[in-house]
Amino acid sequence: MIVGVHPLAGFDKLLHYKVPDPMRDAVQVGSLVRVPVLRTMRLGIVGEIGVPKDFPVEKLKAVVEVLHPFPALTPELLQLARWMAGYYACGVDSVIETMLPAAVRRGATVKHEKSLALVRRLTPDELTVLEKKAPQQARLYRLLAQQFRPQLKSLVLSRLGVTAAVATALIKRGFVREELRRVERVAYADDFAHGELVAAQPHTLNPEQAAVVADLESRLGEQKFGVALLHGVTGSGKTEVYLRGIDTTLKAGGGVLFLVPEVALTPQTVARLRSRLEAIAPGHRCVVWHSHLSDGERFDGWLALATGEARIVVGARSAVFAPVANLRLIIVDEEHEPAYKQDETPRYHGRDVAVMRAKLTGAFCVLGSATPSLESFANALAGKYRLLTLTQRVDNRQLPNIDVVDLRIEAMKHRSLTALSDKLVNAMQARFERREQTILFINRRGYSSSMLCTKCGHVEECPHCSIAMTYHRADEMLRCHLCGEQKAAPARCPQCGAPDIRWRGLGTQRVEEAVRRVLPRARIERMDTDAMAKKNRFREVLSQFRAGKIDVLVGTQMIGKGLDFPNVTLVGLIDADMSMHIPDFRANERTFQLLVQVAGRAGRGDRAGDVVVQTFTPQAEAIQFSRRADFAGFAESELKLRKEFHYPPYRHLIHHLFRGPNPEKLKFFAEQWARLVEKELGQIVELRGPSASPIEKIKDEYRWQLWYFTHAVIKVVPALAKLRAGFAWPDDITQVLDVDPVNLM
DNA sequence: ATTAGCTTATGT
DNA sequence: CATAAGCTAATC
């Protein structure tokens, strides 16, 4: 037998090896094997069974070892790896590497501990004989005879101060036997296992939930690929819908993959989920998968899934690759979260990979969010995904009153810029007197500063890409993040002529000081990455806040994730503009998401809460729509905007393509565009072709070309929309996924 | 990734 | 002509 192997050696080639006869039965596609590469031994994944195309069979080396009795990558995952290599333009080997936990990659195998057990009790006579002949063996026997359970071999031997030879001899006599047991660690055994058991009782569904669950269950019953977008407002009980789906799937013998953004994977949330799972599907082990696990913990989880001992995994981005057996349901919670993007090669998007994996396995995929990403929503509108909607809050809590404060007017009133508007200050004082709590959000998304006029709210944008330009203080220049356009930073606002147009958000510290001035007697706590450096500080502050020992909590978005504080009746967003001016074409989308998230924090059972949004651009659509909690309206207007000319066609690829070496895709893209431009202009467009130079050079070349094309096309061809209509990626890419359906043309 | 083996530059 | 430095190609 001859196999093709993807060695994990840093290059993307399939090398072939002979398989020695004794290993034949253990080797299959996906097996983890040890193979010789040049002078070293490397691990690799069997990618195919068959002979090499252009390499003499007689010169092949042989596989040295097969690591596991089961394939480390199921055929389905291997297929996914190949798809990812094409889609994200990276090597299959690097995908395989990210799919396998570090411990597996290093060749870890199952850890066993040896223990000694008594086979039978000896008669007094036998014991005397043994004592005479082999006193050490007799001592060992007596120790074991005193215990009820088998004892750890290493422990017993060191206790008695004898060597393994004694135990071996005793085994040979047939008095004692050796037992192997797999050692296991359970992640978060202390924290997670006995967390809150509050939510363990099964909930009754409201009619809306029941309808969605019924729909989902009938889909699951079909046992084939499909995607549903679950759009449920904050507090509408999406989790309950997931749980019913999980229950149905487990009962049908299927496996479940539950993805959440890393930040949402706190001990509390996992504990809650676990106890609900326990209640709904008793006896199922649930593997938790996230970046803070030790290698050993991750390995054990991986093993439990690969061997089918556990059928459900809850985890962050990298858990999409968990070897869940008979995968039937994939859930991606908060699917709009940018945390699903990996920012190292391979730069994959967890949500998109999840959809593709579902397709390859024939599983059902549920994407859930209160503010779906526009690409998913557009897919739902186009009928590719089934749209399920939850509009009612489970607790019937009312939507908060949202006030938008115009900071330009505020600045004029006070003749200087203030962190807290009068409205916000008054509201905070009222809460303090009523012993209710306030959260102030600082929006620190834009670490790169943009230029914003404090008088009229104007922001300098790139003329080609219509995203905010980044202000570089060192050389007083404005640069475009996308196309590289640059120009001198203006001294006066180009729109209204006001002299001072620099505004770089407020830090948590300054806001905290401002609050202290207006509420000297209030207990204020700050929560940002600096203040939370100490390990348990985060949880400590949260529990104090929950207990009402803190009046005002000032912090960044880290406050908002999956936490619910019942006594918070006021939420202030200090500067809504910051997320609107990040150099990202999803800026409006992000702003909308932030506002909805902020609004979801306000209010309590009996009364609607208040939200104060401070902004320089109160007319912005993202703010206006989120005020009315009108997601569909926002999506419609934003999608329309994206269809219009301003959005360079390659933008959606930036994350995937621009940051890694992807000559193939860039080439493909450049050529497509060249053809379109030629047709439109009626003249030949010269492509600086790929030279046989190293990857970096090609990359730079094509980057330049893309820049060139964008400029040339935008300048010369006004009707870009027409071009866009004629552009299509190959079927296999667009079939299931549109990374960004509007821009994917 | 790693490295043998080839080409080219540098210096006496 | 020796040595160093740069580059390419192969890994089964």
# chains A, B, ... in the order shown; residues from 1 in each chain; ligands from 1
$ residues_around --residues "DG5 in chain B" --least-positions-apart "2" --cutoff "12 Å" --atoms "only C-alpha atoms (C1' of nucleotides)" --output "PyMOL selection string"
(chain B and resi 3+7) or (chain C and resi 7-10)
$ interface_residues --of "chain A" --to "chain B" --cutoff "8 Å" --atoms "only C-alpha atoms (C1' of nucleotides)" --output "PyMOL selection string"
chain A and resi 9-11
$ write_last_selection --atoms "N, CA, C and O atoms" --output "JSON list (two decimals), in the first residue's frame"
[["chain", "number", "residue", "atom", "x", "y", "z"],
["A", 9, "ALA", "N", 5.59, 20.08, 7.85],
["A", 9, "ALA", "CA", 7.00, 20.43, 7.86],
["A", 9, "ALA", "C", 7.23, 21.83, 7.33],
["A", 9, "ALA", "O", 8.35, 22.26, 7.14],
["A", 10, "GLY", "N", 6.15, 22.55, 7.07],
["A", 10, "GLY", "CA", 6.31, 23.93, 6.65],
["A", 10, "GLY", "C", 6.25, 24.14, 5.15],
["A", 10, "GLY", "O", 6.50, 25.22, 4.66],
["A", 11, "PHE", "N", 5.97, 23.12, 4.39],
["A", 11, "PHE", "CA", 5.77, 23.32, 2.96],
["A", 11, "PHE", "C", 4.55, 22.53, 2.51],
["A", 11, "PHE", "O", 4.17, 21.53, 3.11]]
$ interface_residues --of "chain A" --to "chain C" --cutoff "7 Å" --atoms "only C-alpha atoms (C1' of nucleotides)" --output "list in words"
Leu15, His16, Tyr17, Val37, Leu38, Leu60 and Lys61 of chain A
$ select_by_dssp --residues "range 433-650 of chain A" --states "strand (DSSP E)" --output "number ranges by chain"
A: 437-441, 470-472, 477-479, 486-488, 524-527, 552-555, 568-573, 610-615
$ select_by_dssp --residues "range 464-602 of chain A" --states "helix (DSSP H, G or I)" --output "ChimeraX atom specification"
/A:508-518,537-546,557-559,576-580,587-599
$ residues_around --residues "Ala354 in chain A" --least-positions-apart "6" --cutoff "9 Å" --atoms "only C-alpha atoms (C1' of nucleotides)" --output "number ranges by chain"
A: 259, 320-321, 330-332, 365
$ residues_around --residues "range 40-52 of chain A" --least-positions-apart "4" --cutoff "6 Å" --atoms "only C-alpha atoms (C1' of nucleotides)" --output "count of residues only"
15
$ residues_around --residues "range 368-380 of chain A" --least-positions-apart "4" --cutoff "7 Å" --atoms "only C-alpha atoms (C1' of nucleotides)" --output "PyMOL selection string"
chain A and resi 229-234+332-336+384-387+593+631+635+738-741
$ write_last_selection --atoms "N, CA and C atoms" --output "PDB file, in the first residue's frame"
ATOM      1  N   LEU A 229     -30.934  31.672   9.460  1.00  0.00           N
ATOM      2  CA  LEU A 229     -30.475  32.857  10.180  1.00  0.00           C
ATOM      3  C   LEU A 229     -31.523  33.180  11.230  1.00  0.00           C
ATOM      4  N   LEU A 230     -31.140  33.058  12.479  1.00  0.00           N
ATOM      5  CA  LEU A 230     -32.068  33.342  13.568  1.00  0.00           C
ATOM      6  C   LEU A 230     -31.849  34.776  14.032  1.00  0.00           C
ATOM      7  N   HIS A 231     -32.758  35.632  13.619  1.00  0.00           N
ATOM      8  CA  HIS A 231     -32.658  37.041  14.002  1.00  0.00           C
ATOM      9  C   HIS A 231     -33.589  37.275  15.187  1.00  0.00           C
ATOM     10  N   GLY A 232     -33.015  37.382  16.364  1.00  0.00           N
ATOM     11  CA  GLY A 232     -33.836  37.566  17.560  1.00  0.00           C
ATOM     12  C   GLY A 232     -33.352  38.752  18.355  1.00  0.00           C
ATOM     13  N   VAL A 233     -34.262  39.659  18.684  1.00  0.00           N
ATOM     14  CA  VAL A 233     -33.857  40.853  19.421  1.00  0.00           C
ATOM     15  C   VAL A 233     -33.267  40.446  20.771  1.00  0.00           C
ATOM     16  N   THR A 234     -32.519  41.355  21.375  1.00  0.00           N
ATOM     17  CA  THR A 234     -31.889  41.078  22.666  1.00  0.00           C
ATOM     18  C   THR A 234     -32.925  40.577  23.668  1.00  0.00           C
ATOM     19  N   VAL A 332     -23.914  28.948  15.305  1.00  0.00           N
ATOM     20  CA  VAL A 332     -22.969  30.055  15.441  1.00  0.00           C
ATOM     21  C   VAL A 332     -23.715  31.190  16.123  1.00  0.00           C
ATOM     22  N   ASP A 333     -23.440  31.395  17.391  1.00  0.00           N
ATOM     23  CA  ASP A 333     -24.132  32.442  18.134  1.00  0.00           C
ATOM     24  C   ASP A 333     -23.419  33.770  17.927  1.00  0.00           C
ATOM     25  N   GLU A 334     -24.181  34.841  17.913  1.00  0.00           N
ATOM     26  CA  GLU A 334     -23.620  36.190  17.658  1.00  0.00           C
ATOM     27  C   GLU A 334     -22.793  36.163  16.386  1.00  0.00           C
ATOM     28  N   GLU A 335     -23.428  35.695  15.316  1.00  0.00           N
ATOM     29  CA  GLU A 335     -22.660  35.423  14.104  1.00  0.00           C
ATOM     30  C   GLU A 335     -22.027  36.673  13.509  1.00  0.00           C
ATOM     31  N   HIS A 336     -22.470  37.850  13.917  1.00  0.00           N
ATOM     32  CA  HIS A 336     -21.932  39.078  13.347  1.00  0.00           C
ATOM     33  C   HIS A 336     -20.599  39.478  13.980  1.00  0.00           C
ATOM     34  N   LYS A 384     -31.194  32.158   0.236  1.00  0.00           N
ATOM     35  CA  LYS A 384     -30.195  31.109   0.452  1.00  0.00           C
ATOM     36  C   LYS A 384     -30.286  30.554   1.866  1.00  0.00           C
ATOM     37  N   TYR A 385     -30.526  31.428   2.800  1.00  0.00           N
ATOM     38  CA  TYR A 385     -30.711  31.024   4.192  1.00  0.00           C
ATOM     39  C   TYR A 385     -32.175  31.198   4.549  1.00  0.00           C
ATOM     40  N   ARG A 386     -32.627  30.376   5.477  1.00  0.00           N
ATOM     41  CA  ARG A 386     -33.994  30.544   5.946  1.00  0.00           C
ATOM     42  C   ARG A 386     -33.976  31.566   7.086  1.00  0.00           C
ATOM     43  N   LEU A 387     -34.844  32.541   6.992  1.00  0.00           N
ATOM     44  CA  LEU A 387     -34.875  33.590   8.008  1.00  0.00           C
ATOM     45  C   LEU A 387     -35.883  33.259   9.094  1.00  0.00           C
ATOM     46  N   GLN A 593     -24.694  47.886  15.488  1.00  0.00           N
ATOM     47  CA  GLN A 593     -24.565  46.760  16.429  1.00  0.00           C
ATOM     48  C   GLN A 593     -24.256  47.247  17.833  1.00  0.00           C
ATOM     49  N   PHE A 631     -33.880  47.087  12.452  1.00  0.00           N
ATOM     50  CA  PHE A 631     -32.750  46.434  11.787  1.00  0.00           C
ATOM     51  C   PHE A 631     -32.983  46.304  10.293  1.00  0.00           C
ATOM     52  N   ALA A 635     -30.621  47.656   7.396  1.00  0.00           N
ATOM     53  CA  ALA A 635     -29.982  46.736   6.456  1.00  0.00           C
ATOM     54  C   ALA A 635     -30.297  47.130   5.019  1.00  0.00           C
ATOM     55  N   ASP A 738     -21.457  33.783   0.362  1.00  0.00           N
ATOM     56  CA  ASP A 738     -21.024  35.041  -0.167  1.00  0.00           C
ATOM     57  C   ASP A 738     -20.408  35.754   1.005  1.00  0.00           C
ATOM     58  N   VAL A 739     -19.134  35.912   0.972  1.00  0.00           N
ATOM     59  CA  VAL A 739     -18.482  36.569   2.094  1.00  0.00           C
ATOM     60  C   VAL A 739     -19.145  37.915   2.310  1.00  0.00           C
ATOM     61  N   ASP A 740     -19.343  38.586   1.235  1.00  0.00           N
ATOM     62  CA  ASP A 740     -20.093  39.820   1.266  1.00  0.00           C
ATOM     63  C   ASP A 740     -20.887  39.865  -0.023  1.00  0.00           C
ATOM     64  N   PRO A 741     -22.123  39.464   0.030  1.00  0.00           N
ATOM     65  CA  PRO A 741     -22.870  39.224  -1.205  1.00  0.00           C
ATOM     66  C   PRO A 741     -22.982  40.466  -2.066  1.00  0.00           C
TER      67      PRO A 741
END
$ residues_around --residues "Asp577 in chain A" --least-positions-apart "4" --cutoff "12 Å" --atoms "only C-alpha atoms (C1' of nucleotides)" --output "number ranges by chain"
A: 404-407, 442-446, 449-454, 457-459, 468, 503-506, 573, 581-582, 587-588, 590-592, 594-595, 613-623
$ atom_distance --atom1 "CA of Thr163 in chain A" --atom2 "CA of Lys132 in chain A"
18.9 Å
$ atom_distance --atom1 "CA of Trp83 in chain A" --atom2 "CA of Asp343 in chain A"
18.6 Å
